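Quick notes on the structure that follows.
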Amino acid sequence: MPDSSDRRLGMDQPISRRDFLDGMAIAVGGALVPIGCGLRQSEPAYAPEQDPRYYPPGLTGLRGSHPGSFEVAHQLHDGSLWKSLGRPRDTRERYDLVIVGAGISGLSAAHFYRKTRSAAARILLLDNHDDFGGHAKRNDFVVGDRRLVSYGGTESIESPAQYSDVARGLLTDLGIDVQRFYSAFDQHRYEELGLRHGVFFDRETFGTDRLLTGGGDEVDRAFLARAPLSARARADIARVYHGRQDYLRGLSSAEKKARLAQLSYRDFLLTIVNVTPEVIPYFQTSTHDLYGVGIDAVPALDCWGLEFPGFAGLGLDAAEPSPGIGRTPRLEMNEEEPYIFHFPDGNASVARLLVRRLLPAALPGTTMEDAVTARLNYAKLDEPGATTRLRLNSTVVRVRHLGSPRTAREVEVTYVRGGHAWTVRAGACVLAGWHAMIPDLCPELPETQRQALAYAVKVPLVYTNVALRDWKAFQRLGVSTVTAPGSYFFRMTPDFPVDLGDYRPSRTPEEPVVVKLLHTPCQPGLPARDQHRAGRAELLATPYATFERNLRDQMRRTLGPGGFDPAHDITAITVNRWSHGYTYEYNSLWDGPWAEDQQPCVVARKPFGRITIANADAGAFAYTNSAIDQAWRAVQELPSALA
């Protein structure tokens, strides 16, 4: 029974929060059947997607890496799976191509194969989740008579002008006109309502709870005068933002960059700018959204490229090549393009449009606009006799050549679905899941390639969506996005205002809205990849109630002065937990240097017989265009003559 503080937070309220215990019996119930308890031949086939109520985007509670999606893979990794699994059954299905993973990369691979090889090719996509799209996750909510759509992972088509010809061509094939977002995305809605960026100082870190408007690019004397910081800390933060001192005087621009590439932003502030340690908590989480770690594990050179403060007086040459891998690919993004290329459900609409292209009967409509509100029919994804089939709730556990990789004509793929193992055969296979899983699937791979694949440690993170009855508290407090450098969730923001097709987002504070809270588990002081491993373990051990209690408490303390009541105002919560989230991008503090052809991602993605490898991991670049480009490469590397 909740205690009195839990009741004040609304932990006992009957909101839509735990469908993973109830509704998931419809969605992935069979996936929770213990291994070894397979169906008898007389029992009907496991097919939860055929239930008319099956609609994963509408589930709340714990999503992302949801219960039922990872347990089999964990058993495979720890070596316990095959002891209890039993002998796989042959489905007697034969395909030209099997694709492991139905995220953006896997779906793109299917599209490219049909486009460049054969429109009539027989293709099967297998995915361990109860929905397709991978990290391009869609969350739907109903508040009163309003339907709200949001994203639980991949946000946007970032900097499309920088996309390759292949990636831009795919957007064109799908009917995505990025120019449409200039009118669909209201870039000034919150500004026109008088709302500004805010910073929440929590009492555990800064001695008192205090919400201030300003911060971000608006760190001025008025903001700092109200901040719960010492006079020395305020002066140092002002110097970081507005100073023009050359802290590395006597070095050339190239020499300065070389030094910054080997220095964390935290150490740059402490040892070069010479700020008081009290300043560090204010900046610590400012890199969480892009890197999944704090400023202790991000190169100062990267932070310069991202226009963090403190570098104005160094005279660094932006046109001059940066050393080694200190300048990551994200820093090459086109700064002239606004951050607006965003469907209401993020890049889940890109995945939906790919599915429409592959399986037109599954998603009604013909345009990028109508894809947002069309209801996808999951029963149409895996129809017998279809040339392309997408099979959810199916965890692949083995991929092997039938014979020598040099001469084999077929690949056998084994997957677990409904508590039992099944096999299919294909002329070739594209592995479009994350890299670290591939050594467990393909033990026949060369050891050097297996080690390179294991180098990719995914970045854990949590995208939490909270449906509110209204957002009047934000208006009363004069804030939209709120950063919280010391709190459990480092950012809180109402969803992007995107009017597209028949979808209408919240326009006034009196209307329902989805508010997004972001959390990244970190262990400051460790190397980045070790922080990611520790964070993954932390997320998997964190119960849903902990996420809920923390967000309710943080929202009450932040928005309570504006009249927010978590027990009344929250109507639904979806926690998108990604224990394996972003693709790992190389970090000059910990990685390399390597020759380009010796980078782990390059060694890892080498084709192996009739098996090729896609996914953003194969480019070590955590963006949708990388997933698309790697899918194209993987398809081009497939053998020209398939069985």
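Here, A, B, ... name the chains of the structure tokens in the order displayed, residue numbers run from 1 inside each chain, and ligands are numbered from 1 in the same displayed order.
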Name all residues at most 8 Å from Pro524 of chain A (count only C-alpha atoms; drop same-chain ones fewer than 3 positions away) and give them as a PDB file with C-alpha atoms, in the first residue's frame.
ATOM      1  CA  VAL A 293      27.500  10.491 -20.345  1.00  0.00           C
ATOM      2  CA  GLY A 294      28.380  13.694 -18.550  1.00  0.00           C
ATOM      3  CA  ASP A 296      33.631  14.075 -17.392  1.00  0.00           C
ATOM      4  CA  ALA A 297      33.655  11.661 -20.367  1.00  0.00           C
ATOM      5  CA  GLN A 531      29.698   3.865 -17.884  1.00  0.00           C
TER       6      GLN A 531
END
For this session: Extract, using only C-alpha atoms, all DNA, RNA and protein residues at most 12 Å from Arg189 of chain A, discarding same-chain residues fewer than 5 positions from it, and format them as an MDAnalysis selection string.
Result: chainID A and resid 184 194:196 480 494:499 505:509
Could the residues in this selection be written to a file with all heavy atoms, as a CSV table (one decimal), in the first residue's frame?
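And here is the file that came out, result26.csv:
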chain,number,residue,atom,x,y,z
A,184,ALA,N,4.8,22.7,-41.1
A,184,ALA,CA,4.2,21.8,-40.1
A,184,ALA,C,4.7,22.0,-38.7
A,184,ALA,O,3.9,21.9,-37.8
A,184,ALA,CB,4.4,20.3,-40.5
A,194,GLY,N,5.1,33.4,-24.6
A,194,GLY,CA,5.9,34.0,-23.6
A,194,GLY,C,6.7,33.0,-22.7
A,194,GLY,O,7.2,33.4,-21.6
A,195,LEU,N,6.8,31.8,-23.2
A,195,LEU,CA,7.6,30.8,-22.5
A,195,LEU,C,9.0,30.7,-22.8
A,195,LEU,O,9.4,30.9,-24.0
A,195,LEU,CB,6.9,29.4,-22.7
A,195,LEU,CG,5.4,29.3,-22.5
A,195,LEU,CD1,5.0,27.8,-22.6
A,195,LEU,CD2,5.0,29.8,-21.1
A,196,ARG,N,9.9,30.5,-21.8
A,196,ARG,CA,11.3,30.5,-22.0
A,196,ARG,C,11.9,29.2,-21.5
A,196,ARG,O,11.3,28.5,-20.8
A,196,ARG,CB,12.0,31.7,-21.3
A,196,ARG,CG,11.5,33.1,-21.8
A,196,ARG,CD,12.0,34.2,-20.8
A,196,ARG,NE,13.4,34.2,-20.8
A,196,ARG,CZ,14.1,34.9,-19.8
A,196,ARG,NH1,13.5,35.5,-18.8
A,196,ARG,NH2,15.4,34.9,-19.9
A,480,SER,N,9.1,26.5,-20.9
A,480,SER,CA,8.7,25.4,-21.8
A,480,SER,C,9.7,24.3,-21.4
A,480,SER,O,9.5,23.5,-20.5
A,480,SER,CB,8.8,25.8,-23.2
A,480,SER,OG,10.0,26.4,-23.6
A,494,PRO,N,7.5,19.9,-23.0
A,494,PRO,CA,6.4,19.6,-23.8
A,494,PRO,C,6.8,19.1,-25.2
A,494,PRO,O,7.8,19.5,-25.7
A,494,PRO,CB,5.5,20.9,-23.8
A,494,PRO,CG,6.1,21.7,-22.7
A,494,PRO,CD,7.5,21.3,-22.6
A,495,ASP,N,6.0,18.3,-25.8
A,495,ASP,CA,6.3,17.7,-27.1
A,495,ASP,C,6.4,18.8,-28.2
A,495,ASP,O,5.8,19.8,-28.0
A,495,ASP,CB,5.3,16.6,-27.5
A,495,ASP,CG,6.0,15.4,-28.1
A,495,ASP,OD1,7.1,15.6,-28.6
A,495,ASP,OD2,5.3,14.4,-28.1
A,496,PHE,N,7.1,18.4,-29.2
A,496,PHE,CA,7.2,19.3,-30.4
A,496,PHE,C,5.9,19.6,-31.0
A,496,PHE,O,5.1,18.7,-31.1
A,496,PHE,CB,8.1,18.7,-31.5
A,496,PHE,CG,9.6,18.6,-31.1
A,496,PHE,CD1,10.2,17.3,-31.3
A,496,PHE,CD2,10.3,19.6,-30.5
A,496,PHE,CE1,11.6,17.2,-30.9
A,496,PHE,CE2,11.6,19.5,-30.2
A,496,PHE,CZ,12.3,18.3,-30.4
A,497,PRO,N,5.6,20.9,-31.3
A,497,PRO,CA,4.3,21.2,-31.9
A,497,PRO,C,4.3,21.0,-33.4
A,497,PRO,O,4.7,21.9,-34.2
A,497,PRO,CB,4.1,22.7,-31.5
A,497,PRO,CG,5.5,23.2,-31.4
A,497,PRO,CD,6.4,22.1,-31.0
A,498,VAL,N,3.8,19.9,-33.9
A,498,VAL,CA,3.8,19.5,-35.3
A,498,VAL,C,2.4,19.3,-35.8
A,498,VAL,O,1.8,18.3,-35.3
A,498,VAL,CB,4.7,18.3,-35.6
A,498,VAL,CG1,4.8,18.1,-37.1
A,498,VAL,CG2,6.1,18.5,-35.0
A,499,ASP,N,1.9,20.1,-36.7
A,499,ASP,CA,0.6,19.9,-37.3
A,499,ASP,C,0.9,19.3,-38.7
A,499,ASP,O,1.4,19.9,-39.6
A,499,ASP,CB,-0.1,21.3,-37.5
A,499,ASP,CG,-0.6,21.9,-36.2
A,499,ASP,OD1,0.2,22.6,-35.6
A,499,ASP,OD2,-1.8,21.7,-36.0
A,505,PRO,N,-1.6,18.9,-32.8
A,505,PRO,CA,-1.0,18.8,-31.4
A,505,PRO,C,-1.7,19.8,-30.5
A,505,PRO,O,-2.6,20.5,-30.9
A,505,PRO,CB,0.4,19.2,-31.7
A,505,PRO,CG,0.3,20.2,-32.8
A,505,PRO,CD,-0.8,19.6,-33.7
A,506,SER,N,-1.3,19.8,-29.2
A,506,SER,CA,-1.8,20.7,-28.3
A,506,SER,C,-1.4,22.2,-28.7
A,506,SER,O,-0.3,22.4,-29.0
A,506,SER,CB,-1.3,20.4,-26.9
A,506,SER,OG,-1.8,21.3,-25.9
A,507,ARG,N,-2.4,23.1,-28.7
A,507,ARG,CA,-2.1,24.4,-29.2
A,507,ARG,C,-2.2,25.4,-28.0
A,507,ARG,O,-1.6,26.5,-28.1
A,507,ARG,CB,-3.1,24.8,-30.3
A,507,ARG,CG,-2.8,24.1,-31.6
A,507,ARG,CD,-3.8,24.5,-32.7
A,507,ARG,NE,-3.4,23.9,-34.0
A,507,ARG,CZ,-4.3,23.7,-34.9
A,507,ARG,NH1,-5.6,23.9,-34.7
A,507,ARG,NH2,-3.9,23.1,-36.1
A,508,THR,N,-3.0,25.1,-27.0
A,508,THR,CA,-3.1,26.1,-25.9
A,508,THR,C,-2.9,25.3,-24.6
A,508,THR,O,-3.0,24.1,-24.5
A,508,THR,CB,-4.6,26.7,-25.9
A,508,THR,OG1,-5.5,25.6,-25.5
A,508,THR,CG2,-4.9,27.3,-27.2
A,509,PRO,N,-2.5,26.1,-23.6
A,509,PRO,CA,-2.2,25.4,-22.3
A,509,PRO,C,-3.4,24.7,-21.6
A,509,PRO,O,-3.2,23.9,-20.7
A,509,PRO,CB,-1.7,26.6,-21.4
A,509,PRO,CG,-1.2,27.6,-22.4
A,509,PRO,CD,-2.1,27.5,-23.6
Based on the backbone DSSP call, show me all residues of segment 251-484 of chain A assigned alpha helix (DSSP H), as a tab-separated table (two decimals) with N, CA and C atoms, in the first residue's frame.
chain	number	residue	atom	x	y	z
A	253	SER	N	46.34	26.99	-33.33
A	253	SER	CA	44.99	26.43	-33.33
A	253	SER	C	45.05	24.91	-33.39
A	254	ALA	N	45.91	24.35	-34.25
A	254	ALA	CA	46.01	22.89	-34.36
A	254	ALA	C	46.50	22.27	-33.06
A	255	GLU	N	47.46	22.91	-32.40
A	255	GLU	CA	47.98	22.39	-31.14
A	255	GLU	C	46.91	22.45	-30.04
A	256	LYS	N	46.14	23.53	-30.05
A	256	LYS	CA	45.06	23.65	-29.08
A	256	LYS	C	44.03	22.54	-29.28
A	257	LYS	N	43.68	22.28	-30.55
A	257	LYS	CA	42.70	21.24	-30.83
A	257	LYS	C	43.22	19.87	-30.39
A	258	ALA	N	44.47	19.61	-30.65
A	258	ALA	CA	45.05	18.33	-30.25
A	258	ALA	C	44.96	18.15	-28.73
A	259	ARG	N	45.20	19.22	-27.99
A	259	ARG	CA	45.13	19.12	-26.54
A	259	ARG	C	43.68	18.95	-26.08
A	260	LEU	N	42.76	19.69	-26.68
A	260	LEU	CA	41.35	19.60	-26.29
A	260	LEU	C	40.76	18.23	-26.62
A	261	ALA	N	41.30	17.56	-27.64
A	261	ALA	CA	40.80	16.23	-28.00
A	261	ALA	C	41.14	15.20	-26.93
A	265	TYR	N	35.69	17.92	-21.11
A	265	TYR	CA	35.19	19.27	-20.88
A	265	TYR	C	35.25	19.61	-19.38
A	266	ARG	N	35.00	18.62	-18.54
A	266	ARG	CA	35.10	18.84	-17.10
A	266	ARG	C	36.50	19.29	-16.72
A	267	ASP	N	37.51	18.57	-17.22
A	267	ASP	CA	38.88	18.92	-16.88
A	267	ASP	C	39.31	20.24	-17.53
A	280	ILE	N	30.88	22.58	-11.59
A	280	ILE	CA	30.76	21.36	-12.38
A	280	ILE	C	29.34	20.79	-12.38
A	281	PRO	N	28.64	20.68	-11.24
A	281	PRO	CA	27.28	20.12	-11.29
A	281	PRO	C	26.34	20.89	-12.22
A	282	TYR	N	26.57	22.18	-12.39
A	282	TYR	CA	25.70	22.96	-13.28
A	282	TYR	C	25.84	22.49	-14.73
A	283	PHE	N	27.04	22.11	-15.14
A	283	PHE	CA	27.29	21.70	-16.52
A	283	PHE	C	27.27	20.18	-16.73
A	288	HIS	N	24.44	14.83	-21.74
A	288	HIS	CA	23.72	13.56	-21.60
A	288	HIS	C	22.90	13.21	-22.83
A	289	ASP	N	22.26	14.19	-23.44
A	289	ASP	CA	21.34	13.86	-24.52
A	289	ASP	C	22.06	13.34	-25.76
A	290	LEU	N	23.24	13.85	-26.06
A	290	LEU	CA	23.97	13.42	-27.25
A	290	LEU	C	24.90	12.25	-26.98
A	291	TYR	N	25.51	12.21	-25.81
A	291	TYR	CA	26.56	11.23	-25.55
A	291	TYR	C	26.17	10.15	-24.56
A	300	ALA	N	36.72	17.91	-24.68
A	300	ALA	CA	36.49	19.36	-24.76
A	300	ALA	C	36.40	19.80	-26.21
A	301	LEU	N	37.13	19.14	-27.11
A	301	LEU	CA	37.07	19.52	-28.52
A	301	LEU	C	35.68	19.30	-29.09
A	302	ASP	N	35.03	18.22	-28.71
A	302	ASP	CA	33.65	17.99	-29.14
A	302	ASP	C	32.74	19.11	-28.64
A	303	CYS	N	32.95	19.50	-27.38
A	303	CYS	CA	32.10	20.55	-26.80
A	303	CYS	C	32.34	21.88	-27.49
A	304	TRP	N	33.57	22.15	-27.92
A	304	TRP	CA	33.80	23.34	-28.74
A	304	TRP	C	33.00	23.24	-30.04
A	305	GLY	N	33.04	22.08	-30.70
A	305	GLY	CA	32.30	21.92	-31.94
A	305	GLY	C	30.81	22.06	-31.76
A	348	ALA	N	9.41	7.13	-36.06
A	348	ALA	CA	8.49	5.99	-36.18
A	348	ALA	C	7.70	6.10	-37.47
A	349	SER	N	7.40	7.31	-37.91
A	349	SER	CA	6.69	7.47	-39.19
A	349	SER	C	7.55	7.05	-40.36
A	350	VAL	N	8.87	7.24	-40.26
A	350	VAL	CA	9.76	6.74	-41.31
A	350	VAL	C	9.65	5.22	-41.38
A	351	ALA	N	9.65	4.56	-40.22
A	351	ALA	CA	9.51	3.11	-40.19
A	351	ALA	C	8.14	2.69	-40.74
A	352	ARG	N	7.09	3.41	-40.37
A	352	ARG	CA	5.76	3.08	-40.86
A	352	ARG	C	5.66	3.24	-42.37
A	353	LEU	N	6.30	4.27	-42.91
A	353	LEU	CA	6.27	4.46	-44.36
A	353	LEU	C	7.08	3.38	-45.08
A	354	LEU	N	8.14	2.90	-44.45
A	354	LEU	CA	8.87	1.77	-45.02
A	354	LEU	C	7.99	0.52	-45.04
A	355	VAL	N	7.26	0.29	-43.96
A	355	VAL	CA	6.35	-0.86	-43.91
A	355	VAL	C	5.25	-0.70	-44.96
A	356	ARG	N	4.74	0.50	-45.11
A	356	ARG	CA	3.72	0.72	-46.16
A	356	ARG	C	4.28	0.37	-47.54
A	357	ARG	N	5.54	0.74	-47.76
A	357	ARG	CA	6.17	0.45	-49.05
A	357	ARG	C	6.33	-1.06	-49.26
A	358	LEU	N	6.69	-1.77	-48.19
A	358	LEU	CA	6.92	-3.21	-48.28
A	358	LEU	C	5.63	-4.01	-48.21
A	370	ASP	N	-0.87	11.36	-44.16
A	370	ASP	CA	-1.89	10.44	-43.65
A	370	ASP	C	-1.27	9.26	-42.90
A	371	ALA	N	0.04	9.06	-43.04
A	371	ALA	CA	0.68	7.98	-42.29
A	371	ALA	C	0.67	8.23	-40.79
A	372	VAL	N	0.55	9.50	-40.38
A	372	VAL	CA	0.61	9.83	-38.96
A	372	VAL	C	-0.62	9.31	-38.22
A	373	THR	N	-1.79	9.43	-38.82
A	373	THR	CA	-3.03	9.08	-38.13
A	373	THR	C	-3.62	7.75	-38.58
A	438	ILE	N	25.76	-9.99	-32.30
A	438	ILE	CA	26.09	-10.83	-33.45
A	438	ILE	C	27.06	-11.95	-33.11
A	439	PRO	N	28.10	-11.74	-32.27
A	439	PRO	CA	28.98	-12.87	-31.94
A	439	PRO	C	28.24	-14.05	-31.31
A	440	ASP	N	27.16	-13.77	-30.56
A	440	ASP	CA	26.37	-14.86	-29.99
A	440	ASP	C	25.55	-15.57	-31.06
A	441	LEU	N	25.13	-14.84	-32.08
A	441	LEU	CA	24.32	-15.44	-33.15
A	441	LEU	C	25.17	-16.24	-34.12
A	447	GLU	N	37.57	-14.56	-35.24
A	447	GLU	CA	37.74	-13.98	-33.91
A	447	GLU	C	37.98	-12.48	-33.97
A	448	THR	N	38.76	-12.01	-34.94
A	448	THR	CA	39.00	-10.56	-35.02
A	448	THR	C	37.71	-9.80	-35.29
A	449	GLN	N	36.83	-10.37	-36.08
A	449	GLN	CA	35.56	-9.72	-36.36
A	449	GLN	C	34.65	-9.77	-35.14
A	450	ARG	N	34.65	-10.88	-34.43
A	450	ARG	CA	33.85	-11.00	-33.22
A	450	ARG	C	34.27	-9.96	-32.18
A	451	GLN	N	35.57	-9.75	-32.04
A	451	GLN	CA	36.06	-8.75	-31.08
A	451	GLN	C	35.66	-7.34	-31.51
A	452	ALA	N	35.74	-7.08	-32.81
A	452	ALA	CA	35.35	-5.75	-33.31
A	452	ALA	C	33.86	-5.51	-33.10
A	453	LEU	N	33.05	-6.53	-33.30
A	453	LEU	CA	31.61	-6.39	-33.07
A	453	LEU	C	31.32	-6.10	-31.60
A	454	ALA	N	32.03	-6.76	-30.72
A	454	ALA	CA	31.79	-6.58	-29.29
A	454	ALA	C	32.23	-5.21	-28.79
A	472	LYS	N	-1.05	24.13	-18.10
A	472	LYS	CA	-1.21	25.48	-17.57
A	472	LYS	C	-0.10	25.84	-16.58
A	473	ALA	N	0.44	24.85	-15.87
A	473	ALA	CA	1.51	25.14	-14.92
A	473	ALA	C	2.74	25.68	-15.65
A	474	PHE	N	3.04	25.13	-16.83
A	474	PHE	CA	4.16	25.66	-17.62
A	474	PHE	C	3.92	27.13	-17.95
A	475	GLN	N	2.68	27.43	-18.37
A	475	GLN	CA	2.37	28.82	-18.73
A	475	GLN	C	2.50	29.75	-17.53
A	476	ARG	N	1.97	29.32	-16.40
A	476	ARG	CA	2.02	30.18	-15.20
A	476	ARG	C	3.45	30.46	-14.78
A	477	LEU	N	4.33	29.48	-14.96
A	477	LEU	CA	5.72	29.63	-14.56
A	477	LEU	C	6.58	30.25	-15.65
For this session: Write out as a ChimeraX atom specification each polymer residue whose atoms come within 10 Å of segment 560-568 of chain A, counting only C-alpha atoms; drop sequence neighbours fewer than 5 positions from it.
Result: /A:6-15,210-211,468-478,551-555
Exercise. Mind pulling up the distance from atom CA of Leu381 of chain A to atom CA of Gln50 of chain A?
Worked result: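 These atoms are spaced 9.5 Å apart.
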For this session: With a distance cut-off of 10 Å and only C-alpha atoms, select the neighbouring residues of Glu383 of chain A, excluding the residue or stretch itself and same-chain residues fewer than 6 positions from it, and output the selection as a PyMOL selection string.
Result: chain A and resi 50+359+389-391
Output file for the residues above (N, CA and C atoms, as a CSV table (one decimal), in the first residue's frame):
chain,number,residue,atom,x,y,z
A,50,GLN,N,-2.5,-11.4,-34.6
A,50,GLN,CA,-3.8,-11.5,-35.2
A,50,GLN,C,-5.0,-11.0,-34.4
A,359,LEU,N,4.7,-3.6,-47.4
A,359,LEU,CA,3.4,-4.3,-47.1
A,359,LEU,C,2.3,-3.3,-47.2
A,389,ARG,N,7.4,-10.6,-45.6
A,389,ARG,CA,6.7,-10.9,-44.3
A,389,ARG,C,7.6,-10.3,-43.2
A,390,LEU,N,6.9,-9.7,-42.1
A,390,LEU,CA,7.5,-9.1,-41.0
A,390,LEU,C,7.0,-9.9,-39.8
A,391,ARG,N,7.9,-10.6,-39.1
A,391,ARG,CA,7.4,-11.4,-37.9
A,391,ARG,C,8.0,-10.8,-36.6
Problem set entry | Best match for closeness to Gly581 of chain A among A:Thr520, A:Thr464, A:Thr423, A:Thr172, counting only C-alpha atoms | A:Thr520
For this session: For Asp131 of chain A, list every protein, DNA or RNA residue within 9 Å, evaluated using only C-alpha atoms, and leave out those in the same chain fewer than 3 positions away; present the list as a list in words.
Result: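 Skipping anything fewer than 3 positions along the chain leaves Tyr55, Pro56, Pro57, Ala102, Asp127, Asn128, Gly134, Lys137, Tyr378, Leu392 and Asn393 of chain A.
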Take the selection from the previous step and output its residues with N, CA and C atoms, as an mmCIF file, in the first residue's frame.
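Final output, out.cif:
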data_model
loop_
_atom_site.group_PDB
_atom_site.id
_atom_site.type_symbol
_atom_site.label_atom_id
_atom_site.label_comp_id
_atom_site.auth_asym_id
_atom_site.auth_seq_id
_atom_site.Cartn_x
_atom_site.Cartn_y
_atom_site.Cartn_z
ATOM 1 N N TYR A 55 -2.120 -3.655 -30.566
ATOM 2 C CA TYR A 55 -1.656 -2.339 -31.023
ATOM 3 C C TYR A 55 -0.594 -1.836 -30.059
ATOM 4 N N PRO A 56 0.650 -2.268 -30.226
ATOM 5 C CA PRO A 56 1.720 -1.906 -29.280
ATOM 6 C C PRO A 56 1.900 -0.419 -29.031
ATOM 7 N N PRO A 57 1.729 0.486 -30.022
ATOM 8 C CA PRO A 57 1.919 1.909 -29.697
ATOM 9 C C PRO A 57 0.989 2.421 -28.602
ATOM 10 N N ALA A 102 14.048 -5.439 -37.425
ATOM 11 C CA ALA A 102 13.108 -4.658 -38.230
ATOM 12 C C ALA A 102 13.079 -3.209 -37.775
ATOM 13 N N ASP A 127 12.003 -9.792 -35.768
ATOM 14 C CA ASP A 127 12.349 -8.815 -34.735
ATOM 15 C C ASP A 127 11.896 -9.324 -33.375
ATOM 16 N N ASN A 128 12.718 -9.068 -32.357
ATOM 17 C CA ASN A 128 12.431 -9.558 -31.016
ATOM 18 C C ASN A 128 11.385 -8.739 -30.284
ATOM 19 N N GLY A 134 12.513 -0.614 -34.204
ATOM 20 C CA GLY A 134 13.670 -0.513 -33.321
ATOM 21 C C GLY A 134 13.533 0.682 -32.388
ATOM 22 N N LYS A 137 10.454 4.413 -32.027
ATOM 23 C CA LYS A 137 9.307 3.890 -31.289
ATOM 24 C C LYS A 137 8.182 4.927 -31.228
ATOM 25 N N TYR A 378 -1.627 -4.809 -37.741
ATOM 26 C CA TYR A 378 -0.515 -5.715 -37.483
ATOM 27 C C TYR A 378 -0.780 -7.122 -38.010
ATOM 28 N N LEU A 392 7.082 -10.374 -35.803
ATOM 29 C CA LEU A 392 7.441 -9.765 -34.524
ATOM 30 C C LEU A 392 7.533 -10.829 -33.432
ATOM 31 N N ASN A 393 7.934 -10.407 -32.240
ATOM 32 C CA ASN A 393 8.018 -11.302 -31.080
ATOM 33 C C ASN A 393 8.862 -12.539 -31.395
#
Exercise. Got a sec: who's within 10 Å of Arg63 of chain A, counting only C-alpha atoms, leaving out chain neighbours fewer than 5 positions off, as a VMD selection string?
Worked result: chain A and resid 18 to 20 56 to 57 69 129 to 130 137 139 152 462 to 464 544 574 to 578
